[in-house]
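Chemist: Sending over query16.csv (CSV, C-alpha atoms).
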```
chain,number,residue,atom,x,y,z
A,1,MET,CA,-24.6,8.0,-14.2
A,2,ILE,CA,-26.2,9.0,-10.9
A,3,GLU,CA,-25.9,5.5,-9.6
A,4,VAL,CA,-22.2,5.3,-10.1
A,5,SER,CA,-21.5,8.6,-8.3
A,6,THR,CA,-23.7,7.6,-5.4
A,7,ALA,CA,-21.7,4.3,-5.1
A,8,LEU,CA,-18.5,6.3,-5.2
A,9,TYR,CA,-19.7,8.5,-2.3
A,10,ALA,CA,-20.6,5.4,-0.3
A,11,SER,CA,-17.1,3.9,-1.0
A,12,VAL,CA,-15.6,7.2,0.2
A,13,ILE,CA,-17.5,6.8,3.5
A,14,ALA,CA,-16.4,3.2,3.8
A,15,ILE,CA,-12.7,4.1,3.2
A,16,VAL,CA,-12.9,6.9,5.8
A,17,ILE,CA,-14.2,4.3,8.4
A,18,TYR,CA,-11.2,2.1,7.4
A,19,ILE,CA,-8.8,5.1,7.9
A,20,ILE,CA,-10.2,5.6,11.4
A,21,ILE,CA,-9.7,1.9,12.2
A,22,CYS,CA,-6.1,2.0,10.8
A,23,SER,CA,-5.3,5.0,13.0
A,24,PHE,CA,-5.8,2.8,16.1
A,25,ARG,CA,-2.7,0.8,15.0
A,26,ILE,CA,-0.7,4.0,15.0
A,27,PHE,CA,-1.7,4.8,18.5
A,28,LEU,CA,-1.3,1.3,20.0
A,29,GLY,CA,1.4,-0.2,18.0
A,30,PRO,CA,4.0,-1.8,20.3
A,31,THR,CA,7.0,-1.0,18.2
A,32,VAL,CA,8.0,1.9,16.0
A,33,ALA,CA,7.8,-0.3,12.9
A,34,ASP,CA,4.1,-1.1,13.6
A,35,ARG,CA,3.3,2.6,13.7
A,36,ILE,CA,5.1,3.1,10.3
A,37,VAL,CA,3.1,0.2,8.8
A,38,GLY,CA,-0.1,1.8,10.0
A,39,PHE,CA,0.9,5.1,8.6
A,40,ASP,CA,1.7,3.6,5.2
A,41,THR,CA,-1.6,1.8,5.1
A,42,LEU,CA,-3.4,5.0,6.0
A,43,ASN,CA,-1.6,7.0,3.3
A,44,THR,CA,-2.6,4.4,0.6
A,45,MET,CA,-6.3,4.6,1.8
A,46,VAL,CA,-6.2,8.4,1.7
A,47,ILE,CA,-5.1,8.1,-2.0
A,48,ALA,CA,-7.9,5.7,-2.7
A,49,ALA,CA,-10.4,8.1,-1.0
A,50,MET,CA,-9.1,11.1,-3.0
A,51,ILE,CA,-9.4,9.3,-6.3
A,52,ALA,CA,-13.0,8.1,-5.5
A,53,MET,CA,-13.9,11.6,-4.3
A,54,GLY,CA,-12.6,13.2,-7.5
A,55,ALA,CA,-14.4,10.8,-9.7
A,56,ALA,CA,-17.7,11.3,-7.7
A,57,MET,CA,-17.5,15.1,-7.9
A,58,TYR,CA,-16.0,15.2,-11.5
A,59,GLU,CA,-13.0,17.2,-10.2
A,60,THR,CA,-9.7,16.3,-11.9
A,61,LEU,CA,-7.8,18.4,-9.4
A,62,PHE,CA,-8.3,15.9,-6.6
A,63,ILE,CA,-6.7,13.2,-8.7
A,64,ASP,CA,-3.7,15.4,-9.3
A,65,ILE,CA,-3.4,16.0,-5.6
A,66,ALA,CA,-3.6,12.2,-5.1
A,67,ILE,CA,-0.6,11.8,-7.3
A,68,VAL,CA,1.5,14.3,-5.4
A,69,TYR,CA,0.3,12.9,-2.1
A,70,ALA,CA,1.4,9.4,-3.2
A,71,ILE,CA,4.9,10.6,-4.1
A,72,LEU,CA,5.3,12.7,-0.9
A,73,SER,CA,4.1,9.8,1.3
A,74,PHE,CA,6.6,7.5,-0.4
A,75,ILE,CA,9.4,9.9,0.3
A,76,SER,CA,8.3,10.3,3.9
A,77,THR,CA,8.1,6.5,4.4
A,78,LEU,CA,11.5,6.0,2.9
A,79,TYR,CA,13.0,8.7,5.1
A,80,ILE,CA,11.4,7.4,8.3
A,81,ALA,CA,12.7,3.9,7.5
A,82,LYS,CA,16.1,5.2,6.8
A,83,TYR,CA,16.1,7.1,10.1
A,84,LEU,CA,14.9,3.9,11.9
A,85,GLU,CA,17.7,1.7,10.6
A,86,GLY,CA,20.2,4.4,11.6
A,87,GLY,CA,22.1,4.6,8.3
A,88,GLY,CA,21.0,8.1,7.1
A,89,SER,CA,22.5,11.3,8.4
B,1,MET,CA,-24.8,0.1,-21.4
B,2,SER,CA,-25.9,-1.6,-18.2
B,3,TRP,CA,-23.1,-4.1,-18.4
B,4,ALA,CA,-20.6,-1.2,-18.1
B,5,ILE,CA,-22.3,0.0,-14.9
B,6,LEU,CA,-22.1,-3.6,-13.7
B,7,LEU,CA,-18.4,-3.8,-14.5
B,8,ILE,CA,-17.7,-0.5,-12.7
B,9,LEU,CA,-19.7,-1.5,-9.6
B,10,SER,CA,-18.0,-4.9,-9.5
B,11,PHE,CA,-14.6,-3.2,-9.6
B,12,LEU,CA,-15.7,-0.9,-6.8
B,13,ILE,CA,-16.9,-3.8,-4.6
B,14,VAL,CA,-13.6,-5.6,-5.1
B,15,SER,CA,-11.8,-2.5,-4.0
B,16,ILE,CA,-13.8,-2.0,-0.9
B,17,VAL,CA,-13.6,-5.6,0.1
B,18,PHE,CA,-9.8,-5.8,-0.3
B,19,ASN,CA,-9.2,-2.5,1.6
B,20,GLY,CA,-11.3,-3.8,4.4
B,21,LEU,CA,-9.3,-7.1,4.5
B,22,GLY,CA,-6.1,-5.1,4.7
B,23,THR,CA,-7.5,-3.1,7.6
B,24,ILE,CA,-8.6,-6.3,9.4
B,25,GLY,CA,-5.2,-7.9,8.8
B,26,LEU,CA,-3.4,-4.9,10.2
B,27,HIS,CA,-5.1,-5.6,13.5
B,28,ARG,CA,-5.3,-9.4,13.6
B,29,PHE,CA,-1.7,-10.4,12.8
B,30,PRO,CA,0.8,-10.9,15.6
B,31,ASP,CA,4.0,-9.1,14.5
B,32,VAL,CA,5.4,-6.4,12.2
B,33,TYR,CA,6.2,-8.6,9.2
B,34,THR,CA,2.9,-10.4,8.9
B,35,ARG,CA,1.1,-7.0,9.5
B,36,LEU,CA,3.1,-5.5,6.7
B,37,HIS,CA,2.3,-8.5,4.5
B,38,ALA,CA,-1.5,-8.2,5.0
B,39,ALA,CA,-1.7,-4.4,5.0
B,40,THR,CA,0.5,-3.6,2.0
B,41,LYS,CA,-0.7,-6.4,-0.3
B,42,CYS,CA,-4.4,-6.0,0.2
B,43,THR,CA,-4.3,-2.2,0.3
B,44,THR,CA,-2.3,-1.9,-2.9
B,45,PHE,CA,-4.7,-4.4,-4.7
B,46,GLY,CA,-7.8,-2.5,-3.5
B,47,THR,CA,-6.4,0.9,-4.5
B,48,ILE,CA,-5.5,-0.5,-8.0
B,49,PHE,CA,-9.1,-1.6,-8.4
B,50,MET,CA,-10.3,1.8,-7.3
B,51,THR,CA,-8.3,3.4,-10.1
B,52,PHE,CA,-9.7,0.8,-12.5
B,53,THR,CA,-13.2,1.9,-11.3
B,54,VAL,CA,-12.5,5.5,-12.0
B,55,ILE,CA,-10.9,4.8,-15.4
B,56,ALA,CA,-13.8,2.7,-16.5
B,57,HIS,CA,-16.3,5.4,-15.3
B,58,SER,CA,-14.5,8.2,-17.0
B,59,VAL,CA,-14.1,6.3,-20.3
B,60,ARG,CA,-17.8,5.4,-20.2
B,61,LEU,CA,-18.8,9.1,-19.6
B,62,TYR,CA,-16.4,10.1,-22.4
B,63,LEU,CA,-18.0,7.7,-24.8
B,64,ILE,CA,-21.5,8.9,-23.9
B,65,THR,CA,-21.0,12.7,-23.8
B,66,GLU,CA,-17.7,13.2,-25.8
B,67,GLU,CA,-16.4,15.9,-23.5
B,68,ALA,CA,-12.6,16.1,-23.2
B,69,ARG,CA,-12.5,16.6,-19.4
B,70,PHE,CA,-13.6,13.0,-18.8
B,71,LEU,CA,-10.7,11.7,-20.9
B,72,ASN,CA,-8.5,14.1,-19.0
B,73,MET,CA,-9.7,12.5,-15.7
B,74,ALA,CA,-9.0,9.0,-17.1
B,75,ILE,CA,-5.4,9.9,-18.1
B,76,HIS,CA,-4.7,11.5,-14.7
B,77,THR,CA,-6.1,8.5,-12.9
B,78,PHE,CA,-3.8,6.3,-15.0
B,79,LEU,CA,-0.8,8.4,-13.9
B,80,ALA,CA,-2.0,8.0,-10.3
B,81,LEU,CA,-2.0,4.2,-10.9
B,82,VAL,CA,1.6,4.3,-12.2
B,83,ALA,CA,2.8,6.4,-9.2
B,84,LEU,CA,1.0,4.0,-6.8
B,85,LEU,CA,2.6,0.9,-8.5
B,86,ILE,CA,6.1,2.3,-8.2
B,87,THR,CA,5.9,3.8,-4.7
B,88,ASN,CA,3.9,1.4,-2.6
B,89,PRO,CA,6.0,-1.9,-2.8
B,90,THR,CA,9.2,0.0,-2.5
B,91,GLY,CA,8.1,1.7,0.7
B,92,ALA,CA,7.0,-1.7,2.1
B,93,HIS,CA,10.4,-3.2,1.3
B,94,ALA,CA,12.1,-0.3,3.0
B,95,ILE,CA,10.0,-0.7,6.2
B,96,ALA,CA,10.6,-4.4,6.4
B,97,ARG,CA,14.4,-4.0,5.9
B,98,ALA,CA,14.5,-1.3,8.5
B,99,ALA,CA,12.6,-3.4,11.0
B,100,HIS,CA,14.9,-6.4,10.3
B,101,ILE,CA,18.1,-4.3,10.7
B,102,VAL,CA,16.8,-2.7,14.0
B,103,GLY,CA,16.3,-6.3,15.3
B,104,ILE,CA,12.6,-6.5,15.9
B,105,LYS,CA,11.9,-10.1,16.7
B,106,GLN,CA,9.1,-12.2,15.3
B,107,GLU,CA,6.4,-13.6,17.6
B,108,GLN,CA,7.7,-17.1,18.1
B,109,ALA,CA,4.6,-18.7,19.5
B,110,GLU,CA,1.8,-17.7,17.2
B,111,SER,CA,3.4,-17.4,13.8
B,112,VAL,CA,4.7,-19.6,11.0
B,113,TRP,CA,8.1,-17.9,11.4
B,114,PHE,CA,8.7,-20.4,14.2
B,115,LEU,CA,9.8,-22.9,11.6
B,116,THR,CA,12.5,-20.8,10.0
B,117,GLU,CA,16.1,-21.4,10.9
B,118,ARG,CA,18.3,-19.4,8.6
B,119,ASP,CA,18.5,-15.6,8.3
B,120,GLU,CA,20.1,-14.9,4.9
B,121,LEU,CA,20.0,-11.1,5.2
B,122,ARG,CA,21.9,-11.2,8.4
B,123,GLU,CA,24.4,-13.7,7.0
B,124,ALA,CA,25.0,-11.4,4.0
B,125,ASP,CA,25.5,-8.4,6.3
B,126,LEU,CA,28.0,-10.4,8.4
B,127,GLU,CA,29.9,-11.4,5.2
B,128,GLN,CA,30.1,-7.8,4.1
B,129,THR,CA,31.2,-6.3,7.4
B,130,GLU,CA,33.5,-9.0,8.6
B,131,PRO,CA,35.5,-10.7,5.9
B,132,VAL,CA,37.4,-12.8,8.4
B,133,SER,CA,38.2,-15.9,6.3
B,134,THR,CA,37.2,-15.5,2.6
B,135,ASP,CA,38.2,-19.0,1.6
B,136,GLU,CA,36.0,-20.7,4.1
B,137,SER,CA,33.0,-18.4,3.3
B,138,SER,CA,33.4,-19.0,-0.4
B,139,GLU,CA,33.7,-22.7,0.1
B,140,SER,CA,30.7,-22.8,2.4
B,141,SER,CA,28.6,-20.7,-0.1
B,142,GLU,CA,29.6,-23.2,-2.8
B,143,VAL,CA,28.6,-26.1,-0.6
B,144,LYS,CA,25.3,-24.5,0.2
```
Would you put the structure from the file into structure tokens?
Modeler:
Amino acid sequence: MIEVSTALYASVIAIVIYIIICSFRIFLGPTVADRIVGFDTLNTMVIAAMIAMGAAMYETLFIDIAIVYAILSFISTLYIAKYLEGGGS
Amino acid sequence: MSWAILLILSFLIVSIVFNGLGTIGLHRFPDVYTRLHAATKCTTFGTIFMTFTVIAHSVRLYLITEEARFLNMAIHTFLALVALLITNPTGAHAIARAAHIVGIKQEQAESVWFLTERDELREADLEQTEPVSTDESSESSEVK
């Protein structure tokens, strides 16, 4: 039991390092779509980190927040894409 | 029960490896579409395996201790998996469609897109917006 929660903490640290590497693409993406791709990847990794953190600390609340974060990031991605293609107003 | 811990740790290793591959692909590919391909596919796969890890861990703890909160955590993680499966590919499709409509070009020199000649989405948009000669377009679509 202790081994699995330790491994989950280590995976949270690894995913946080991935998130920092992904944020470089948001800063130096040449076009707007590159930045949106980096943002979407970062959101998915935040969801993975929240789920692993909730399982490591035995908190179901973190997983509920991960569900809400997934749906909100989906809506924001759709809205930014709609704004980018110029059809929404 | 050591095989259950082995299964959980193997799911976790697959998750970490595929999230890392998605991060590397986000930086190594030349243009938007290939970056979207690498980042979205690998990250979705890795996060699905992270939810599998947590579901297996919670079910194992429930079978050992028989407390209801671990089963609660497994069901909530399954709901997170369903939300992720619905939202993530749809968002990626919206990003790709927006980038194509805006007119972001593919990198011609370094990519496999150099070999493509037809642009079916743009042809469909032109047929929708400019129905100039419907007979010729229907005939050409039948020929193709």
Chemist: Select all residues from chain A having any atom no more than 9 Å from an atom of chain B (counting only C-alpha atoms, ignoring ligands), output as a VMD selection string.
Modeler: chain A and resid 1 3 to 4 7 to 8 11 14 to 15 18 to 19 21 to 22 24 to 25 31 to 34 36 to 38 40 to 41 44 to 45 47 to 49 51 to 52 54 to 56 58 to 61 63 to 64 66 to 68 70 to 71 73 to 75 77 to 78 80 to 86
Chemist: Any idea what the distance is between atom CA of Met57 of chain A and atom CA of Phe45 of chain B?
Modeler: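 Taking atom CA of Met57 of chain A as the start and atom CA of Phe45 of chain B as the end point, the length is 23.5 Å.
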Chemist: Which residues come within 7 Å of Phe39 of chain A, counting only C-alpha atoms, excluding same-chain residues fewer than 4 positions away, as a list of chain:residue names?
Modeler: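 My list of contacting residues is A:Ile26, A:Arg35, A:Asn43.
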Chemist: Atom CA of Gly25 of chain B and atom CA of Leu7 of chain B, how far apart in Å?
Modeler: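 Computing the Euclidean distance for atom CA of Leu7 of chain B and atom CA of Gly25 of chain B yields 27.1 Å.
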Chemist: Between atom CA of Tyr9 of chain A and atom CA of Tyr62 of chain B, what is the distance in Å, rounded to a tenth?
Modeler: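 Atom CA of Tyr9 of chain A sits 20.4 Å away from atom CA of Tyr62 of chain B.
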